[in-house]
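Colleague: File follows, my_file.cif with mmCIF, C-alpha atoms:
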```cif
data_target
loop_
_atom_site.label_atom_id
_atom_site.label_comp_id
_atom_site.auth_asym_id
_atom_site.auth_seq_id
_atom_site.Cartn_x
_atom_site.Cartn_y
_atom_site.Cartn_z
CA MET A 285 -14.12 1.95 -18.44
CA ILE A 286 -14.50 2.58 -14.71
CA ASN A 287 -11.46 2.01 -12.61
CA ILE A 288 -12.42 0.84 -9.12
CA ALA A 289 -8.83 0.30 -8.06
CA ASN A 290 -8.52 3.96 -7.12
CA PRO A 291 -11.03 4.76 -4.36
CA TYR A 292 -10.84 8.50 -5.03
CA GLU A 293 -10.60 8.69 -8.80
CA THR A 294 -13.40 10.54 -10.60
CA PRO A 295 -15.29 7.84 -12.53
CA ARG A 296 -15.36 8.20 -16.30
CA CYS A 297 -18.88 6.95 -16.75
CA SER A 298 -22.54 7.74 -17.30
CA SER A 299 -24.89 8.56 -14.43
CA ASP A 300 -26.17 4.95 -14.31
CA SER A 301 -22.64 3.61 -14.15
CA LEU A 302 -21.75 6.10 -11.45
CA ILE A 303 -24.26 4.49 -9.09
CA ILE A 304 -22.62 1.09 -9.55
CA SER A 305 -19.15 2.60 -9.40
CA THR A 306 -19.85 4.24 -6.05
CA THR A 307 -21.04 0.91 -4.65
CA LEU A 308 -18.01 -0.90 -6.01
CA LYS A 309 -15.56 1.67 -4.71
CA SER A 310 -16.94 1.34 -1.20
CA SER A 311 -16.53 -2.43 -1.36
CA GLU A 312 -13.09 -2.52 -2.97
CA LEU A 313 -9.77 -2.04 -1.15
CA THR A 314 -11.48 -0.46 1.84
CA PHE A 315 -13.99 -3.30 2.18
CA CYS A 316 -11.71 -6.28 1.77
CA ASN A 317 -9.09 -4.75 4.05
CA SER A 318 -11.35 -3.79 6.94
CA LYS A 319 -12.67 -7.19 8.00
CA PRO A 320 -11.13 -9.89 10.21
CA LYS A 321 -10.33 -13.34 8.83
CA SER A 322 -13.62 -14.77 10.13
CA ASP A 323 -15.52 -12.46 7.77
CA TYR A 324 -13.66 -13.50 4.60
CA ASN A 325 -16.50 -15.70 3.31
CA ALA A 326 -19.02 -12.91 3.66
CA ILE A 327 -16.60 -10.51 2.01
CA ASN A 328 -16.07 -12.83 -0.94
CA LYS A 329 -19.82 -13.33 -1.40
CA SER A 330 -20.51 -9.58 -1.36
CA ARG A 331 -17.56 -8.86 -3.60
CA LEU A 332 -18.67 -11.54 -6.07
CA SER A 333 -22.21 -10.19 -6.27
CA LEU A 334 -20.95 -6.66 -6.84
CA ASN A 335 -18.60 -7.78 -9.56
CA ARG A 336 -21.37 -9.74 -11.29
CA LEU A 337 -23.53 -6.65 -11.14
CA ALA A 338 -20.74 -4.63 -12.65
CA GLU A 339 -20.31 -7.18 -15.43
CA ARG A 340 -24.00 -6.95 -16.24
CA MET A 341 -23.53 -3.20 -16.52
CA THR A 342 -20.72 -3.97 -19.00
CA LEU A 343 -18.30 -1.74 -17.14
CA GLY A 344 -15.33 -3.96 -17.87
CA THR A 345 -14.28 -3.98 -14.23
CA PRO A 346 -12.14 -6.98 -13.18
CA PRO A 347 -12.73 -9.04 -10.02
CA THR A 348 -10.74 -7.75 -7.06
CA GLN A 349 -8.86 -11.07 -6.98
CA ALA A 350 -7.07 -9.86 -10.11
CA TYR A 351 -5.07 -7.38 -8.04
CA GLY A 352 -2.57 -10.12 -7.28
CA GLU A 353 -2.02 -10.94 -10.96
CA PRO A 354 0.64 -9.32 -13.19
CA TRP A 355 -1.67 -9.30 -16.22
CA TYR A 356 -4.14 -6.99 -14.46
CA TRP A 357 -1.47 -4.41 -13.66
CA ASP A 358 0.15 -4.71 -17.09
CA ASN A 359 -3.24 -3.96 -18.64
CA ARG A 360 -3.95 -1.14 -16.23
CA TYR A 361 -0.65 0.64 -16.83
CA ALA A 362 -0.83 0.08 -20.58
CA HIS A 363 -4.07 2.07 -20.60
CA GLU A 364 -3.41 4.52 -17.75
CA SER A 365 0.06 5.99 -18.11
CA ALA A 366 -0.54 9.20 -16.17
CA PRO A 367 1.26 9.25 -12.80
CA PHE A 368 -0.86 8.35 -9.82
CA ASP A 369 -0.11 8.12 -6.09
CA TRP A 370 -2.14 5.70 -4.01
CA TYR A 371 -3.55 6.90 -0.69
CA GLN A 372 -1.13 9.73 0.06
CA LYS A 373 1.43 11.89 -1.73
CA TYR A 374 4.97 12.46 -0.56
CA PRO A 375 4.55 16.02 0.82
CA ALA A 376 1.88 14.75 3.23
CA LEU A 377 4.05 11.86 4.46
CA ALA A 378 7.43 13.64 4.35
CA PRO A 379 7.47 14.53 8.09
CA LEU A 380 7.09 10.86 8.96
CA VAL A 381 9.72 9.78 6.42
CA HIS A 382 12.13 12.35 7.86
CA LEU A 383 11.47 11.02 11.36
CA TYR A 384 12.14 7.36 10.60
CA VAL A 385 14.57 7.68 7.68
CA PRO A 386 16.57 10.69 8.89
CA HIS A 387 19.70 10.29 6.77
CA ARG A 388 19.46 11.03 3.06
CA HIS A 389 22.12 8.43 2.23
CA GLN A 390 20.03 5.57 3.66
CA ARG A 391 18.91 2.97 1.11
CA ILE A 392 15.14 2.82 0.59
CA LEU A 393 12.94 0.24 -1.13
CA VAL A 394 9.49 1.21 -2.42
CA VAL A 395 7.35 -1.88 -3.05
CA GLY A 396 4.53 -1.82 -5.60
CA CYS A 397 5.79 1.50 -6.92
CA GLY A 398 3.49 1.71 -9.94
CA ASN A 399 3.83 5.00 -11.82
CA SER A 400 3.82 7.09 -8.65
CA VAL A 401 5.93 10.24 -8.34
CA PHE A 402 6.46 9.48 -4.65
CA SER A 403 10.02 8.23 -5.20
CA GLU A 404 10.87 11.14 -7.47
CA ASP A 405 9.72 13.50 -4.73
CA MET A 406 11.92 11.66 -2.24
CA VAL A 407 14.94 12.17 -4.48
CA ASN A 408 14.02 15.83 -4.93
CA ASP A 409 13.99 15.99 -1.13
CA GLY A 410 17.60 14.79 -1.04
CA TYR A 411 17.35 11.00 -0.71
CA GLU A 412 20.17 9.45 -2.71
CA ASP A 413 19.25 5.77 -3.21
CA VAL A 414 15.62 4.81 -3.84
CA VAL A 415 14.97 1.37 -5.32
CA ASN A 416 11.50 0.67 -6.72
CA VAL A 417 9.92 -2.70 -7.52
CA ASP A 418 6.64 -3.64 -9.14
CA ILE A 419 5.16 -6.84 -10.54
CA SER A 420 4.17 -5.11 -13.80
CA SER A 421 6.80 -5.20 -16.55
CA VAL A 422 4.82 -2.54 -18.42
CA VAL A 423 5.11 0.08 -15.69
CA ILE A 424 8.71 -0.81 -14.83
CA GLU A 425 9.82 -0.37 -18.44
CA ALA A 426 7.99 2.96 -18.59
CA MET A 427 9.56 4.18 -15.35
CA GLN A 428 13.04 3.03 -16.38
CA THR A 429 12.71 5.14 -19.51
CA LYS A 430 11.23 8.11 -17.67
CA TYR A 431 14.00 8.22 -15.06
CA SER A 432 16.93 7.00 -17.13
CA ASN A 433 18.85 10.17 -16.21
CA ARG A 434 18.19 9.96 -12.46
CA GLN A 435 20.83 7.67 -10.99
CA GLN A 436 19.25 7.94 -7.54
CA LEU A 437 16.18 6.08 -8.85
CA LYS A 438 16.23 2.41 -9.82
CA TYR A 439 13.27 0.43 -11.16
CA ILE A 440 13.18 -3.38 -11.12
CA LYS A 441 10.44 -5.84 -12.07
CA MET A 442 9.93 -8.05 -9.04
CA ASP A 443 7.28 -9.94 -7.10
CA VAL A 444 7.28 -8.78 -3.48
CA ARG A 445 6.62 -12.35 -2.36
CA ASP A 446 10.05 -13.34 -3.68
CA MET A 447 12.71 -10.63 -3.58
CA SER A 448 15.59 -13.11 -3.68
CA PRO A 449 17.68 -10.89 -6.01
CA PHE A 450 18.15 -8.67 -2.92
CA GLN A 451 20.47 -9.96 -0.23
CA ALA A 452 19.30 -10.06 3.37
CA GLY A 453 19.76 -6.75 5.14
CA SER A 454 19.95 -4.70 1.93
CA PHE A 455 17.75 -1.76 2.92
CA ASP A 456 17.36 0.74 5.73
CA ALA A 457 13.66 1.25 5.00
CA VAL A 458 10.82 -0.28 3.00
CA ILE A 459 7.82 1.87 2.07
CA ASP A 460 4.47 0.34 1.11
CA LYS A 461 1.50 2.44 -0.04
CA GLY A 462 -1.31 0.00 -0.73
CA THR A 463 0.64 -3.05 -1.90
CA LEU A 464 -0.19 -5.20 1.10
CA ASP A 465 -3.82 -4.05 0.83
CA SER A 466 -3.88 -5.06 -2.83
CA ILE A 467 -2.49 -8.52 -2.04
CA LEU A 468 -5.12 -8.96 0.68
CA CYS A 469 -7.80 -8.46 -1.98
CA GLY A 470 -6.43 -11.26 -4.14
CA ASN A 471 -6.53 -15.04 -4.19
CA ASN A 472 -4.65 -16.88 -1.41
CA SER A 473 -4.48 -13.52 0.30
CA ARG A 474 -3.33 -14.61 3.73
CA GLN A 475 -0.54 -16.81 2.42
CA ASN A 476 0.64 -14.22 -0.11
CA ALA A 477 0.58 -11.44 2.47
CA THR A 478 2.65 -13.53 4.88
CA GLN A 479 5.18 -14.31 2.16
CA MET A 480 5.46 -10.62 1.34
CA LEU A 481 5.97 -9.59 4.96
CA GLU A 482 8.61 -12.26 5.49
CA GLU A 483 10.49 -10.94 2.45
CA VAL A 484 10.19 -7.34 3.64
CA TRP A 485 11.62 -8.40 7.00
CA ARG A 486 14.45 -10.32 5.32
CA VAL A 487 15.66 -7.47 3.08
CA LEU A 488 15.66 -4.95 5.94
CA LYS A 489 18.78 -4.26 7.96
CA ASP A 490 18.65 -4.77 11.71
CA LYS A 491 16.61 -1.90 13.14
CA GLY A 492 15.41 -1.09 9.63
CA VAL A 493 11.84 0.17 9.27
CA TYR A 494 8.86 -1.01 7.25
CA ILE A 495 6.48 1.92 6.74
CA LEU A 496 3.06 0.53 5.82
CA ILE A 497 0.31 2.94 4.70
CA THR A 498 -2.98 1.04 4.70
CA TYR A 499 -6.75 1.06 5.14
CA GLY A 500 -6.43 -1.66 7.77
CA ALA A 501 -7.19 -0.72 11.38
CA PRO A 502 -5.11 -2.37 14.15
CA ALA A 503 -7.71 -5.06 14.77
CA TYR A 504 -7.10 -6.29 11.22
CA ARG A 505 -3.37 -5.62 10.79
CA LEU A 506 -1.53 -6.26 14.05
CA GLY A 507 -2.07 -10.02 14.01
CA LEU A 508 -0.91 -10.30 10.41
CA LEU A 509 2.20 -8.22 11.06
CA LYS A 510 3.16 -10.28 14.10
CA GLU A 511 2.51 -13.71 12.60
CA SER A 512 5.80 -14.42 10.88
CA SER A 513 8.30 -11.83 12.10
CA ILE A 514 9.14 -9.87 15.20
CA TRP A 515 8.58 -6.13 14.92
CA SER A 516 8.47 -3.17 17.24
CA ILE A 517 5.38 -1.37 15.96
CA LYS A 518 4.28 2.25 16.19
CA LEU A 519 1.02 3.53 14.74
CA HIS A 520 0.41 6.92 13.14
CA VAL A 521 -2.70 8.20 11.38
CA ILE A 522 -3.33 10.65 8.58
CA VAL A 523 -6.61 11.97 7.20
CA LYS A 524 -7.58 10.53 3.83
CA PHE A 525 -7.43 12.81 0.84
CA GLY A 526 -10.60 13.60 -1.07
CA PRO A 527 -11.29 13.41 -4.81
CA GLU A 528 -9.35 16.57 -5.59
CA GLY A 529 -6.44 15.84 -3.29
CA SER A 530 -7.70 18.09 -0.51
CA SER A 531 -7.82 16.99 3.11
CA GLU A 532 -9.32 18.14 6.36
CA GLN A 533 -7.38 19.31 9.36
CA PRO A 534 -5.34 16.45 10.89
CA ILE A 535 -6.93 14.52 13.72
CA ARG A 536 -3.57 14.66 15.49
CA GLU A 537 -0.01 15.55 14.61
CA LEU A 538 1.27 13.01 12.07
CA THR A 539 4.57 12.40 13.87
CA ASN A 540 2.81 11.80 17.19
CA PRO A 541 2.13 8.04 17.52
CA VAL A 542 -1.28 6.79 18.57
CA PRO A 543 -1.23 4.70 21.77
CA LEU A 544 -1.36 1.12 20.60
CA GLU A 545 -2.67 -1.80 22.62
CA GLU A 546 -3.11 -5.43 21.61
CA GLY A 547 -6.28 -5.52 19.51
CA GLY A 548 -6.19 -1.77 18.87
CA SER A 549 -8.90 -0.74 21.35
CA SER A 550 -6.94 2.34 22.40
CA VAL A 551 -7.13 3.69 18.85
CA GLU A 552 -10.88 4.12 19.09
CA ASP A 553 -10.41 5.87 22.43
CA VAL A 554 -8.13 8.42 20.77
CA LEU A 555 -9.74 8.82 17.35
CA GLY A 556 -13.34 7.80 17.92
CA LYS A 557 -15.13 5.09 15.96
CA ASN A 558 -14.66 4.78 12.19
CA PRO A 559 -12.18 7.64 11.72
CA ASP A 560 -11.69 8.63 8.08
CA VAL A 561 -7.95 8.02 8.13
CA HIS A 562 -5.18 5.95 6.65
CA TYR A 563 -3.26 3.96 9.23
CA ILE A 564 0.53 4.07 9.09
CA TYR A 565 2.38 1.25 10.82
CA VAL A 566 6.07 1.86 11.38
CA CYS A 567 7.52 -1.60 12.00
CA THR A 568 11.11 -1.79 13.21
CA LYS A 569 12.99 -5.04 12.60
CA GLU A 570 13.90 -6.34 16.03
CA ALA A 571 14.95 -9.99 15.85
CA LYS A 572 15.16 -13.08 13.69
CA ALA A 573 11.97 -14.42 12.08
CA LYS A 574 10.02 -17.01 14.00
CA GLU A 575 10.46 -20.65 13.00
#
```
Could you rewrite the structure in this file as C-alpha cells?
Modeller:
Amino acid sequence: MINIANPYETPRCSSDSLIISTTLKSSELTFCNSKPKSDYNAINKSRLSLNRLAERMTLGTPPTQAYGEPWYWDNRYAHESAPFDWYQKYPALAPLVHLYVPHRHQRILVVGCGNSVFSEDMVNDGYEDVVNVDISSVVIEAMQTKYSNRQQLKYIKMDVRDMSPFQAGSFDAVIDKGTLDSILCGNNSRQNATQMLEEVWRVLKDKGVYILITYGAPAYRLGLLKESSIWSIKLHVIVKFGPEGSSEQPIRELTNPVPLEEGGSSVEDVLGKNPDVHYIYVCTKEAKAKE
C-alpha cells in the first residue's frame, strides 16, 4: 500500500503506481496547506479526483479528509510501527529549540507526536519534562511501552482540539510538526484548526511559545494564527529534507528570523518565489484570547 501521508517516503509500489503516487504526494499536505480559503473548493475538487484515481488503481489510499479521524491514525500506526519524524528531525531544529526554550527544566508539550523520536532526542539533549499527545490510542500505547523507563517522557491520548485535562498555563512551549497541517486537510478544517490553536494558546504560560513547523507560507498562515488569539510572531525557515534525509545548504541561518510583514510579501523578497522550505512560526503568547 502506498502511503501518501509522508511526502518524502519512498513509495512501496510498482512503476505504474509510482506515477499516481507522485501526483498524489504533490497534492497532499503541501497542496491543501498552500492555498488561501477562497481556493478551498478547487482544492477539494482536485483532491477528490486524485483520490478517485487512486482508488481505481486499487492503492488503498484514504481520502485526505481522513487525517482528522482517529481511525485513520490507529490503522496507520498499527501497520507502520517504525519511528518516523515528519518534516524535520530534532538535530536540524535544535538550534531554534535552544533559542526559544533555553532552560532544560521548562515543560514542553509536543502535539501530534506519533511515533517520532523527536521527543526522545530532546530528552537526550537534556530537556527534563516532555509531554506528548496524539489522537491515536494505538501509537500512544506503543510509545508508553517503549519509553516506560524514561520518566522525562510522558505519552497521553488526547485530541488537540480539547486538551481540557491540562490546566491553563501548564506549558512553557508547545511544538507542532505537521499537526495543524494535517487538521487543515480534514473535514471542517477551519473550525478544527481554530479550536486547536485556541487550546494551544490556553495551555501555554504567559510568554510561552508555540513553535509551528508547517508547509504554509505567511499568506496562508498568519490570518489563521491571528484569528482567535493574540500572538507575537517570528518567522524562520529551514530547507526541506529530501528522500534520504539529506538537505541543501540553508537559505539563511535558521536562528535568524525572516522579516515578516502583514500578508508575508517580505518573505518573497528575502527568499525568492516558491522557496523549497518549511516555515517555522514562533508564536509567543502575549495577551488574553479575543472574545
Colleague: Which of these residues is nearest to Lys430 of chain A, using all atoms listed in the file: A:Glu404, A:Asp409, A:Asp418, A:Glu482?
Modeller: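 Under the stated criterion, the closest residue is A:Glu404.
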Colleague: For this file, the PyMOL selection byres ((chain A and resi 414) around 10) selects which residues, as a PyMOL selection string?
Modeller: chain A and resi 389-394+403-404+406-407+411-413+415-416+435-439+455+457-458
Colleague: Under the rule that only C-alpha atoms are counted, which of A:Val423, A:Pro375, A:Gly398, A:Leu383 is the nearest residue to Ala362 of chain A?
Modeller: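 Checking each candidate against Ala362 of chain A, we get A:Val423 as the closest.
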Colleague: Could you give me, as a tab-separated table, every segment 433-487 of chain A residue with an atom at most 8 Å from segment 350-357 of chain A, plus its closest atom pair and distance in Å to one decimal, counting all atoms listed in the file, rows ordered by chain then number?
Modeller:
```
residue	atom	partner	partner_atom	distance
A:Ser466	CA	A:Tyr351	CA	5.8
A:Ile467	CA	A:Gly352	CA	5.5
A:Cys469	CA	A:Tyr351	CA	6.7
A:Gly470	CA	A:Gly352	CA	5.1
A:Asn471	CA	A:Gly352	CA	7.0
```
Colleague: Report, in Å with one decimal, the straight-line distance from atom CA of Tyr565 of chain A to atom CA of Arg360 of chain A.
Modeller: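 Interatomic distance here is 27.9 Å.
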Colleague: Would you write out, as a list in words, every residue that the PyMOL selection byres ((chain A and resi 444) around 9) captures in this file?
Modeller: Val395, Gly396, Val417, Asp418, Ile419, Met442, Asp443, Arg445, Asp446, Met447, Thr463, Gln479, Met480, Leu481, Glu483 and Val484 of chain A
Colleague: So how many Å separate atom CA of Ser473 of chain A and atom CA of Gln372 of chain A, to one decimal?
Modeller: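 For atom CA of Ser473 of chain A relative to atom CA of Gln372 of chain A, the distance reads 23.5 Å.
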Colleague: Using the chain letters and numbers from the file, which residues does the PyMOL selection byres ((chain A and resi 515) around 9) grab, as a PDB file with C-alpha atoms, in the coordinates of the input?
Modeller:
```pdb
ATOM      1  CA  TRP A 485      11.620  -8.400   7.000  1.00  0.00           C
ATOM      2  CA  LEU A 509       2.200  -8.220  11.060  1.00  0.00           C
ATOM      3  CA  LYS A 510       3.160 -10.280  14.100  1.00  0.00           C
ATOM      4  CA  SER A 513       8.300 -11.830  12.100  1.00  0.00           C
ATOM      5  CA  ILE A 514       9.140  -9.870  15.200  1.00  0.00           C
ATOM      6  CA  SER A 516       8.470  -3.170  17.240  1.00  0.00           C
ATOM      7  CA  ILE A 517       5.380  -1.370  15.960  1.00  0.00           C
ATOM      8  CA  CYS A 567       7.520  -1.600  12.000  1.00  0.00           C
ATOM      9  CA  THR A 568      11.110  -1.790  13.210  1.00  0.00           C
ATOM     10  CA  LYS A 569      12.990  -5.040  12.600  1.00  0.00           C
ATOM     11  CA  GLU A 570      13.900  -6.340  16.030  1.00  0.00           C
ATOM     12  CA  ALA A 571      14.950  -9.990  15.850  1.00  0.00           C
TER      13      ALA A 571
END
```
Colleague: Could you please give me, as a PDB file with C-alpha atoms, keeping the file's coordinate frame, the residues of protein, DNA or RNA lying at most 7 Å from (-0.9, 4.4, 1.7) in the coordinate frame of the file, considering all atoms listed in the file?
Modeller:
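Once written, part-v8.pdb looks like this:
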```pdb
ATOM      1  CA  TRP A 370      -2.140   5.700  -4.010  1.00  0.00           C
ATOM      2  CA  TYR A 371      -3.550   6.900  -0.690  1.00  0.00           C
ATOM      3  CA  GLN A 372      -1.130   9.730   0.060  1.00  0.00           C
ATOM      4  CA  ASP A 460       4.470   0.340   1.110  1.00  0.00           C
ATOM      5  CA  LYS A 461       1.500   2.440  -0.040  1.00  0.00           C
ATOM      6  CA  GLY A 462      -1.310   0.000  -0.730  1.00  0.00           C
ATOM      7  CA  LEU A 496       3.060   0.530   5.820  1.00  0.00           C
ATOM      8  CA  ILE A 497       0.310   2.940   4.700  1.00  0.00           C
ATOM      9  CA  THR A 498      -2.980   1.040   4.700  1.00  0.00           C
ATOM     10  CA  HIS A 562      -5.180   5.950   6.650  1.00  0.00           C
TER      11      HIS A 562
END
```
Colleague: Could you check the closest approach to Ile522 of chain A for each of A:Thr539, A:Asn433, A:Asn408, A:Thr478 and tell me which residue wins, using only C-alpha atoms?
Modeller: A:Thr539
Colleague: Restricting the calculation to only C-alpha atoms, which member of A:Val561, A:Leu377, A:Leu468, A:Ala452 is positioned closest to Val487 of chain A?
Modeller: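 Closest candidate: A:Ala452.
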Colleague: Report, in Å with one decimal, the straight-line distance from atom CA of Tyr361 of chain A to atom CA of Lys441 of chain A.
Modeller: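 Computing it gives 13.7 Å between the two atoms.
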Colleague: Find, counting only C-alpha atoms, the residue in A:Leu488, A:Ala503, A:Leu508, A:Val401 that gets nearest to Phe368 of chain A.
Modeller: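 Of A:Leu488, A:Ala503, A:Leu508, A:Val401, the one nearest Phe368 of chain A is A:Val401, counting only C-alpha atoms.
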Colleague: Could I see segment 386-404 of chain A restored to N, CA and C atoms, set down as an mmCIF file, in the frame of the given file?
Modeller:
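That gives us selection_32.cif:
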```cif
data_model
loop_
_atom_site.group_PDB
_atom_site.id
_atom_site.type_symbol
_atom_site.label_atom_id
_atom_site.label_comp_id
_atom_site.auth_asym_id
_atom_site.auth_seq_id
_atom_site.Cartn_x
_atom_site.Cartn_y
_atom_site.Cartn_z
ATOM 1 N N PRO A 386 16.035 9.340 8.720
ATOM 2 C CA PRO A 386 16.570 10.690 8.890
ATOM 3 C C PRO A 386 17.762 11.035 8.004
ATOM 4 N N HIS A 387 18.479 10.020 7.523
ATOM 5 C CA HIS A 387 19.700 10.290 6.770
ATOM 6 C C HIS A 387 19.453 10.087 5.281
ATOM 7 N N ARG A 388 19.776 11.078 4.493
ATOM 8 C CA ARG A 388 19.460 11.030 3.060
ATOM 9 C C ARG A 388 20.256 9.974 2.310
ATOM 10 N N HIS A 389 21.340 9.463 2.906
ATOM 11 C CA HIS A 389 22.120 8.430 2.230
ATOM 12 C C HIS A 389 21.568 7.029 2.482
ATOM 13 N N GLN A 390 20.595 6.882 3.357
ATOM 14 C CA GLN A 390 20.030 5.570 3.660
ATOM 15 C C GLN A 390 19.351 4.984 2.424
ATOM 16 N N ARG A 391 19.455 3.651 2.285
ATOM 17 C CA ARG A 391 18.910 2.970 1.110
ATOM 18 C C ARG A 391 17.453 2.601 1.362
ATOM 19 N N ILE A 392 16.585 2.964 0.422
ATOM 20 C CA ILE A 392 15.140 2.820 0.590
ATOM 21 C C ILE A 392 14.576 1.952 -0.523
ATOM 22 N N LEU A 393 13.656 1.063 -0.160
ATOM 23 C CA LEU A 393 12.940 0.240 -1.130
ATOM 24 C C LEU A 393 11.470 0.613 -1.111
ATOM 25 N N VAL A 394 10.920 0.934 -2.279
ATOM 26 C CA VAL A 394 9.490 1.210 -2.420
ATOM 27 C C VAL A 394 8.873 0.022 -3.148
ATOM 28 N N VAL A 395 7.965 -0.687 -2.465
ATOM 29 C CA VAL A 395 7.350 -1.880 -3.050
ATOM 30 C C VAL A 395 6.026 -1.515 -3.710
ATOM 31 N N GLY A 396 5.746 -2.138 -4.868
ATOM 32 C CA GLY A 396 4.530 -1.820 -5.600
ATOM 33 C C GLY A 396 4.515 -0.375 -6.025
ATOM 34 N N CYS A 397 5.610 0.074 -6.643
ATOM 35 C CA CYS A 397 5.790 1.500 -6.920
ATOM 36 C C CYS A 397 4.809 2.052 -7.938
ATOM 37 N N GLY A 398 4.372 1.206 -8.900
ATOM 38 C CA GLY A 398 3.490 1.710 -9.940
ATOM 39 C C GLY A 398 4.131 2.862 -10.699
ATOM 40 N N ASN A 399 3.297 3.829 -11.115
ATOM 41 C CA ASN A 399 3.830 5.000 -11.820
ATOM 42 C C ASN A 399 3.762 6.244 -10.925
ATOM 43 N N SER A 400 3.857 6.014 -9.635
ATOM 44 C CA SER A 400 3.820 7.090 -8.650
ATOM 45 C C SER A 400 5.018 8.024 -8.788
ATOM 46 N N VAL A 401 4.815 9.290 -8.407
ATOM 47 C CA VAL A 401 5.930 10.240 -8.340
ATOM 48 C C VAL A 401 6.481 10.335 -6.924
ATOM 49 N N PHE A 402 6.014 9.469 -6.044
ATOM 50 C CA PHE A 402 6.460 9.480 -4.650
ATOM 51 C C PHE A 402 7.980 9.372 -4.553
ATOM 52 N N SER A 403 8.567 8.434 -5.270
ATOM 53 C CA SER A 403 10.020 8.230 -5.200
ATOM 54 C C SER A 403 10.772 9.407 -5.807
ATOM 55 N N GLU A 404 10.253 9.955 -6.885
ATOM 56 C CA GLU A 404 10.870 11.140 -7.470
ATOM 57 C C GLU A 404 10.886 12.287 -6.462
#
```
